[in-house]
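Visitor: Below you will find the structure I want to go over with you.
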Amino acid sequence: MTTSTLIEAERYELLAAPRYNFGLTRRDLFRTLGAGLLVIVLSPDAEAQEAGRRGAGQLRGGRGPTDIGAWLHFSEDGVVTGYTGKAEVGQNIRTSLAQAVAEELRIPPASVTMVMADTELTPYDMGTFGSRTTPTMAPMMHRAAAAAREALLDRAAETWQVERKSLTVGDGKVRDTASHREATYGELLKGQKLSREIPAGIMETPRQNWSVAGTSAPKADGRAFVTGRHAYTSDVSREGMVYAKVVRPPAWGATLRSADTAAAAALPGVTVVRDGNLLGVTAPNSDAAAHAASLIKAEWVIPAQASEPALWSTLRQNGVERTAKGFDGVPLMAATYTIAYIAHAPLEPRAAVAEWQGDRLTVWTGTQRPFGVRSELAEAFAIPEANVRVVTPDTGSGYGGKHTGEAAIEAARLAKGARGPVRLVWTREEEFNWAYFRPAGVIDIAATVGSDGKLKEWEFHNYNSGGSGLPSPYEVGTRKEQFHNAASPLRQGSYRGLAATANHFAREAHMDDLARIAKLDPLEFRRKNLKDERLLAVLEAAAKEFRWDRRQAKPGRGFGLACGMEKGGYVANCVEIDVDRAAGRVTLNRITAAFECGAVVNPTHLQNQVEGATVMGIGGALFEAIHFDQGRVTNGRFSKYRVPRFGDVPPIGVVLVDRRDLPSAGAGETPIVAIAPAIRNAILDAAGLALRSLPMIPDGLPKA
């Protein structure tokens with residue numbers, strides 16, 4: 001078997017240079033920074049050694065401090081506090097990380113309080129993205145808590161002058177089985193910091209023996225969320241705080257030529273701030289700020305930019321065209337797939353509260369990268385990072401859309417101009433128009449299949465949308481898979497699953513087309529070409545739960561399936577739909593999702609993740625798309641941008657494949673990648689339409 005695979009580094013993953021890649025393309029970055037010489041020095045050693053909680057050593061590979069005290073604190077009243085730089089953005093890691101600590105310390109999860117995403121209090125963290133919390137941070141918390149458990153046993157043995165082997169831990173206490181003496185962790189430590197190195201070979205609780213991790217522990221602070229008591233960034237209030245509004249240009253890339261601010265400045269309590277291209281106001285309340293901003297007459301210089309009709313040709317301009325016309329003269333199945341820009345549409349728009357105290361800056365903001373935003377703020381104001389604190393309250397979703405700190409920087413600039421603390425909350429229209437989008441893309445595939453139903457050749461080219469999920473899991477004789485960088489007309493960046501959604505859509509759609517050529521059932525065709533046992537297992541689990549082999553054909557009804565793997569997770573979807581060609585309507589009847597990510601940490605919350613990702617994937621599959629003209633978004637509000645509604649969502653059956661024999665992987669992204677091709681393949685089955693664009697039916701199904 002010969003193989004040729006070329007995948008460029010994923011621009012949107014923020015792994016190679018986390019502190020300096022703001023989710024922008026090179027073009028966006030230089031357009032944002034303006035003219036001049038930009039020198040970026042990346043120091044892996046400095047990156048690995050940076051920590052919010054100073055004075056702690058670092059684990060090998062830059063994974064974090066080696067001192068227990070950097071991760072855990074024990075109060076005298078029995079509360080254990082865990083510290084992590086990860087951010088809670090709805091994926092429920094506040095609960096799962098508390099479970100990791102509770103598992104090793106033999107205490108209930110409710111006894112653990114997590115302090116998260118505060119650059120002054122928590123260890124440095126690259127960011128909350130890439131489904132990395134569960135495979136990297138959870139083991140870190142397990143190790144720290146296991147080391148603390150052993151240190152507590154040592155402390156009790158030393159304090160009580162007894163043999164360590166006679167000591168046990170449980171229910172937050174250390175007990176001496178010989179004398180029946182016992183003490184809580186807090187009583188043993190008496191409020192003192194537990195400072196000790198985490199041994200390299202510390203023994204964690206084996207996954208097969210989990211009693212806290214692996215269970216459906218209730219959501220931490222769940223009551224506060226459902227009763228409305230939870231405080232988001234927009235709830236943060238500071239003494240003397242004013243409210244801000246930014247005057248936005250009419251199109252991306254515009255520069256400010258002039259502004260008449262007299263009418264706004266004349267209003268009581270209003271301060272007008274102009275700082276380069278930033279033009280904004282502060283006022284005693286948000287309504288007054290919005291009114292003052294509306295009175296400003298600004299003139300902008302708008303550069304010529306590509307519009308939506310030229311998108312696909314624009315993305316191809318800097319790419320290398322597919323060269324295959326056939327494999328050694330063999331006819332092939334070739335097709336092109338297109339992927340639209342889509343918005344993250346988070347429930348909570350970007351928001352920030354900024355406060356200066358001399359040359360020290362504190363910003364509260366909803367972000368997936370608090371330490372990255374700290375770096376952006378330090379660079380923007382030319383101050384040391386030690387003078388910047390970023391605090392991230394639990395945030396109303398991110399989906400990869402909150403890597404950058406634009407709202408934080410705007411709030412800080414306005415606060416400096418207003419000489420007091422400022423709250424800035426983006427409107428829904430600002431979130432649609434000025435945040436970055438999931439990258440659009442063009443994908444070319446050419447493939448052949450033999451008479452035995454096995455893939456012979458495979459060529460795959462992705463222009464612009466990215467390389468995540470690009471390598472095919474299917475066995476093939478000859479392959480070539482490439483990602484080609486391109487110049488994007490709109491600002492683009494990370495999105496849930498990155499490019500894996502686009503690449504899985506194209507690949508799994510093409511697989512069904514090939515199955516038709518081979519005259520094989522889609523499930524049987526995949527079985528013939530798959531050797532990955534984990535992917536086969538979820539495919540079989542989904543098919544069994546769905547009763548794929550018992551599906552009953554009827555006019556207008558279709559069945560589709562798709563599968564995939566990404567970031568250590570494995571997913572398969574089966575879908576049943578009804579199609580009304582006369583009305584142009586597709587109705588989803590039922591969906592089955594099977595998912596495996598190693599050892600399951602919290603079954604209920606994992607099921608929620610799978611369901612949520614599936615619903616989100618329905619939107620991108622059927623109707624979500626950003627429309628634009630000359631740098632202007634033309635559907636930047638929910639009345640024009642279609643997201644899934646209750647009526648779009650059918651019953652979703654979730655099958656969790658729990659592999660206690662394997663380390664846990666993340667689950668925030670992979671469950672989204674297979675639903676679009678499964679729906680597409682069901683439409684193909686029902687109506688014979690081979691749809692090759694996402695979204696597939698933004699204006700309804702083509703009528704017969």
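We label chains A, B, ... in the order they appear in the structure tokens, count residues from 1 in each chain, and number ligands from 1 in the order shown.
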Would you mind listing what lies within 7 Å of range 388-402 of chain A as a VMD selection string, with only C-alpha atoms counted and same-chain residues fewer than 2 positions away left out?
Guide: chain A and resid 87 to 90 117 to 120 129 232 to 233 344 346 to 348 360 to 368 370 374 378 385 to 386 404 436 494 to 496
Visitor: Taking a cut-off of 10 Å and counting only C-alpha atoms, can you build a table that, for each residue of range 411-486 of chain A near range 246-268 of chain A, reports the nearest atom pair and how far apart they are in Å (one decimal), sorted by chain then residue number, as a Markdown table?
Guide:
```
| residue | atom | partner | partner_atom | distance |
| --- | --- | --- | --- | --- |
| A:Ala411 | CA | A:Val246 | CA | 9.3 |
| A:Leu414 | CA | A:Val246 | CA | 9.0 |
| A:Leu424 | CA | A:Val246 | CA | 8.5 |
| A:Val425 | CA | A:Val246 | CA | 9.7 |
| A:Trp426 | CA | A:Val246 | CA | 8.7 |
| A:Glu430 | CA | A:Arg248 | CA | 8.4 |
| A:Asn433 | CA | A:Trp252 | CA | 8.3 |
| A:Trp434 | CA | A:Trp252 | CA | 7.6 |
```
Visitor: For CA of Glu104 in chain A and CA of Met140 in chain A, determine how far apart the two atoms are, in Å to one decimal place.
Guide: 11.6 Å
Visitor: Identify, with DSSP run on backbone atoms, the residues in range 79-117 of chain A assigned to alpha helix (DSSP H), and express the list as a list in words.
Guide: Ile93, Arg94, Thr95, Ser96, Leu97, Ala98, Gln99, Ala100, Val101, Ala102, Glu103, Glu104 and Leu105 of chain A
Visitor: For Ala407 in chain A, which residue among A:Ser195, A:Thr314, A:Ser234, A:Asn485 is the nearest when counting only C-alpha atoms?
Guide: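 Counting only C-alpha atoms, the residue closest to Ala407 in chain A is A:Ser234.
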Visitor: Which residue, A:Asp125, A:Glu481, A:Asp235, A:Asp532, has the smallest gap to Asn462 in chain A when you use only C-alpha atoms?
Guide: A:Glu481
Visitor: For a quick check of understanding, using only C-alpha atoms, which of A:Leu490, A:Ile445, A:Ala178, A:Leu561 has the smallest distance to Arg547 in chain A?
Guide: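 Comparing A:Leu490, A:Ile445, A:Ala178, A:Leu561 against Arg547 in chain A, the winner is A:Leu561.
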Visitor: Can you work out which one of A:Ala593, A:Ala354, A:Ala486, A:Met511 has the shortest atom-to-atom distance to Lys544 in chain A, counting only C-alpha atoms?
Guide: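 Comparing A:Ala593, A:Ala354, A:Ala486, A:Met511 against Lys544 in chain A, the winner is A:Ala593.
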Visitor: Please return, as a VMD selection string, all residues of range 101-204 of chain A that DSSP assigns to strand (DSSP E) on the basis of the backbone.
Guide: chain A and resid 112 to 116 167 to 170 173 to 176 182 to 184
Visitor: Since we have the selection now, will you write its residues out, keeping all heavy atoms, as a compact mmCIF listing (two decimals), in the first residue's frame?
Guide:
```txt
# COMPACT_ATOMS: atom_id res chain seq x y z
N VAL A 112 -15.97 19.62 47.08
CA VAL A 112 -14.90 20.23 46.30
C VAL A 112 -15.41 21.50 45.63
O VAL A 112 -16.42 21.49 44.93
CB VAL A 112 -14.36 19.27 45.22
CG1 VAL A 112 -13.23 19.93 44.43
CG2 VAL A 112 -13.89 17.97 45.86
N THR A 113 -14.72 22.60 45.85
CA THR A 113 -15.01 23.86 45.18
C THR A 113 -13.90 24.11 44.17
O THR A 113 -12.72 24.04 44.51
CB THR A 113 -15.06 25.03 46.17
OG1 THR A 113 -16.14 24.80 47.10
CG2 THR A 113 -15.28 26.35 45.46
N MET A 114 -14.28 24.40 42.92
CA MET A 114 -13.28 24.65 41.89
C MET A 114 -13.14 26.15 41.63
O MET A 114 -14.13 26.85 41.37
CB MET A 114 -13.67 23.95 40.59
CG MET A 114 -13.68 22.43 40.64
SD MET A 114 -12.06 21.70 41.04
CE MET A 114 -11.05 22.34 39.71
N VAL A 115 -11.92 26.66 41.73
CA VAL A 115 -11.59 28.01 41.30
C VAL A 115 -10.98 27.89 39.91
O VAL A 115 -9.99 27.19 39.73
CB VAL A 115 -10.61 28.69 42.27
CG1 VAL A 115 -10.14 30.03 41.72
CG2 VAL A 115 -11.25 28.87 43.64
N MET A 116 -11.59 28.57 38.94
CA MET A 116 -11.23 28.34 37.55
C MET A 116 -10.90 29.65 36.83
O MET A 116 -11.47 30.69 37.12
CB MET A 116 -12.38 27.62 36.81
CG MET A 116 -12.84 26.34 37.48
SD MET A 116 -14.23 25.54 36.65
CE MET A 116 -13.44 24.97 35.16
N LEU A 167 -3.06 3.13 58.56
CA LEU A 167 -3.92 4.28 58.28
C LEU A 167 -4.74 4.06 57.01
O LEU A 167 -4.27 3.46 56.04
CB LEU A 167 -3.08 5.55 58.12
CG LEU A 167 -2.25 5.97 59.34
CD1 LEU A 167 -1.43 7.20 59.01
CD2 LEU A 167 -3.15 6.22 60.55
N THR A 168 -5.97 4.57 57.02
CA THR A 168 -6.85 4.54 55.85
C THR A 168 -7.46 5.92 55.66
O THR A 168 -7.48 6.74 56.59
CB THR A 168 -7.97 3.51 56.01
OG1 THR A 168 -8.80 3.89 57.13
CG2 THR A 168 -7.41 2.11 56.23
N VAL A 169 -8.00 6.16 54.46
CA VAL A 169 -8.70 7.42 54.20
C VAL A 169 -10.10 7.10 53.69
O VAL A 169 -10.33 6.08 53.03
CB VAL A 169 -7.96 8.28 53.16
CG1 VAL A 169 -6.63 8.76 53.69
CG2 VAL A 169 -7.79 7.55 51.84
N GLY A 170 -11.04 7.98 54.02
CA GLY A 170 -12.42 7.83 53.57
C GLY A 170 -13.30 8.89 54.20
O GLY A 170 -13.06 9.30 55.35
N LYS A 173 -11.65 11.84 55.94
CA LYS A 173 -10.94 11.64 57.19
C LYS A 173 -9.81 10.63 57.01
O LYS A 173 -9.87 9.76 56.15
CB LYS A 173 -11.89 11.12 58.28
CG LYS A 173 -13.01 12.08 58.65
CD LYS A 173 -13.91 11.46 59.71
CE LYS A 173 -15.05 12.41 60.10
NZ LYS A 173 -15.94 11.82 61.12
N VAL A 174 -8.79 10.78 57.86
CA VAL A 174 -7.75 9.76 57.99
C VAL A 174 -8.02 9.01 59.29
O VAL A 174 -8.26 9.63 60.34
CB VAL A 174 -6.34 10.40 58.02
CG1 VAL A 174 -5.28 9.32 58.22
CG2 VAL A 174 -6.08 11.17 56.73
N ARG A 175 -8.00 7.67 59.21
CA ARG A 175 -8.29 6.84 60.38
C ARG A 175 -7.14 5.89 60.66
O ARG A 175 -6.50 5.38 59.73
CB ARG A 175 -9.58 6.04 60.15
CG ARG A 175 -10.83 6.89 60.05
CD ARG A 175 -12.07 6.00 59.85
NE ARG A 175 -13.31 6.78 59.83
CZ ARG A 175 -13.80 7.33 58.73
NH1 ARG A 175 -13.19 7.17 57.57
NH2 ARG A 175 -14.93 8.04 58.79
N ASP A 176 -6.92 5.66 61.95
CA ASP A 176 -5.94 4.66 62.39
C ASP A 176 -6.72 3.41 62.81
O ASP A 176 -7.47 3.44 63.80
CB ASP A 176 -5.12 5.20 63.56
CG ASP A 176 -4.09 4.19 64.06
OD1 ASP A 176 -3.88 3.16 63.38
OD2 ASP A 176 -3.52 4.42 65.14
N GLU A 182 -9.13 9.23 64.57
CA GLU A 182 -9.43 9.78 63.26
C GLU A 182 -9.39 11.31 63.30
O GLU A 182 -9.53 11.93 64.36
CB GLU A 182 -10.80 9.31 62.75
CG GLU A 182 -11.97 9.81 63.58
CD GLU A 182 -13.32 9.34 63.01
OE1 GLU A 182 -13.36 8.24 62.43
OE2 GLU A 182 -14.30 10.08 63.15
N ALA A 183 -9.18 11.90 62.14
CA ALA A 183 -9.16 13.36 62.00
C ALA A 183 -9.52 13.72 60.57
O ALA A 183 -9.18 12.99 59.63
CB ALA A 183 -7.77 13.91 62.36
N THR A 184 -10.22 14.82 60.43
CA THR A 184 -10.53 15.31 59.08
C THR A 184 -9.25 15.87 58.46
O THR A 184 -8.28 16.18 59.15
CB THR A 184 -11.60 16.40 59.12
OG1 THR A 184 -11.07 17.56 59.79
CG2 THR A 184 -12.85 15.91 59.83
```
Visitor: Give me, as a list in words, all polymer residues having an atom no more than 8 Å from Ala690 in chain A, counting only C-alpha atoms and skipping those fewer than 5 positions away in the same chain.
Guide: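 In the requested format, the answer is Asp513, Arg680, Asn681, Ile683 and Leu684 of chain A.
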Visitor: Would you save the residues from that selection as a PDB file, in the first residue's frame, using C-alpha atoms?
Guide:
```pdb
ATOM      1  CA  ASP A 513     -22.030   7.649  -3.387  1.00  0.00           C
ATOM      2  CA  ARG A 680     -27.386  14.008   3.684  1.00  0.00           C
ATOM      3  CA  ASN A 681     -27.220  10.291   3.077  1.00  0.00           C
ATOM      4  CA  ILE A 683     -31.904  12.568   1.785  1.00  0.00           C
ATOM      5  CA  LEU A 684     -30.033  10.659  -0.922  1.00  0.00           C
TER       6      LEU A 684
END
```
Visitor: Need the shell around Gly619 in chain A: protein/DNA/RNA residues with any atom at most 12 Å away, counting only C-alpha atoms. Skip same-chain ones fewer than 5 positions apart. Format as a PyMOL selection string?
Guide: chain A and resi 340+342-345+612-614+624-625+641-646+648-649+672+675-676+679+694-698
Visitor: Which residues are near Gly420 in chain A? Cut-off 7 Å, only C-alpha atoms, ignore same chain within fewer than 6 positions. Put them as number ranges by chain.
Guide: A: 240-241, 355-356
Visitor: Identify, on the basis of only C-alpha atoms, every residue whose closest approach to Ala144 in chain A does not exceed 12 Å; exclude the query and any residue fewer than 4 positions from it along the same chain; express the result as a PDB file with C-alpha atoms, in the first residue's frame.
Guide:
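The result, written out as out.pdb:
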```
ATOM      1  CA  LEU A  59       5.826  19.337  35.439  1.00  0.00           C
ATOM      2  CA  GLY A  64       1.747  22.768  35.080  1.00  0.00           C
ATOM      3  CA  PRO A  65       3.163  23.220  38.586  1.00  0.00           C
ATOM      4  CA  THR A  66       4.539  20.198  40.419  1.00  0.00           C
ATOM      5  CA  ASP A  67       3.594  21.480  43.855  1.00  0.00           C
ATOM      6  CA  ILE A  68       0.362  20.148  45.356  1.00  0.00           C
ATOM      7  CA  GLY A  69      -0.406  23.556  46.822  1.00  0.00           C
ATOM      8  CA  ALA A  70      -0.720  25.082  43.351  1.00  0.00           C
ATOM      9  CA  TRP A  71      -3.672  22.796  42.624  1.00  0.00           C
ATOM     10  CA  LEU A  72      -5.378  22.138  45.960  1.00  0.00           C
ATOM     11  CA  HIS A  73      -6.156  23.852  49.256  1.00  0.00           C
ATOM     12  CA  THR A  81     -10.581  23.898  46.775  1.00  0.00           C
ATOM     13  CA  GLY A  82      -9.179  22.897  43.411  1.00  0.00           C
ATOM     14  CA  TYR A  83      -7.477  25.358  41.066  1.00  0.00           C
ATOM     15  CA  THR A  84      -7.408  25.126  37.280  1.00  0.00           C
ATOM     16  CA  LEU A  97     -12.793  18.085  37.544  1.00  0.00           C
ATOM     17  CA  ALA A 100     -11.423  13.797  39.754  1.00  0.00           C
ATOM     18  CA  VAL A 101     -10.369  15.463  43.012  1.00  0.00           C
ATOM     19  CA  ALA A 102     -13.116  13.767  45.013  1.00  0.00           C
ATOM     20  CA  GLU A 103     -12.224  10.345  43.615  1.00  0.00           C
ATOM     21  CA  GLU A 104      -8.672  10.456  44.923  1.00  0.00           C
ATOM     22  CA  LEU A 105      -9.475  12.125  48.254  1.00  0.00           C
ATOM     23  CA  MET A 137      -6.471  18.482  33.084  1.00  0.00           C
ATOM     24  CA  ALA A 138      -8.536  15.708  34.659  1.00  0.00           C
ATOM     25  CA  PRO A 139      -5.442  13.436  34.982  1.00  0.00           C
ATOM     26  CA  MET A 140      -3.567  16.406  36.436  1.00  0.00           C
ATOM     27  CA  ALA A 148      -2.368  15.058  48.559  1.00  0.00           C
ATOM     28  CA  ARG A 149      -3.964  11.866  49.854  1.00  0.00           C
ATOM     29  CA  GLU A 150      -0.565  10.273  50.367  1.00  0.00           C
ATOM     30  CA  ALA A 151       0.777  13.433  52.000  1.00  0.00           C
ATOM     31  CA  LEU A 194      -0.059  21.465  51.753  1.00  0.00           C
ATOM     32  CA  SER A 195       3.244  22.057  49.989  1.00  0.00           C
ATOM     33  CA  ARG A 196       4.882  18.996  48.511  1.00  0.00           C
ATOM     34  CA  GLU A 197       6.097  17.903  45.101  1.00  0.00           C
ATOM     35  CA  ILE A 198       3.805  15.591  43.147  1.00  0.00           C
ATOM     36  CA  PRO A 199       5.844  12.392  42.709  1.00  0.00           C
ATOM     37  CA  ALA A 200       6.409  11.335  39.117  1.00  0.00           C
ATOM     38  CA  GLY A 201       5.056   7.853  39.793  1.00  0.00           C
ATOM     39  CA  ILE A 202       2.094   8.736  41.984  1.00  0.00           C
ATOM     40  CA  MET A 203      -0.548   5.995  41.863  1.00  0.00           C
ATOM     41  CA  GLU A 204      -4.009   7.206  40.910  1.00  0.00           C
TER      42      GLU A 204
END
```
Visitor: Hey, which of A:Tyr124, A:Trp548, A:Phe595, A:Tyr463 ends up closest to Ala572 in chain A? Count only C-alpha atoms.
Guide: A:Phe595
Visitor: What is the CA of Ser488 in chain A-CA of Arg132 in chain A distance in Å, reported with one decimal?
Guide: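 The value is 27.4 Å.
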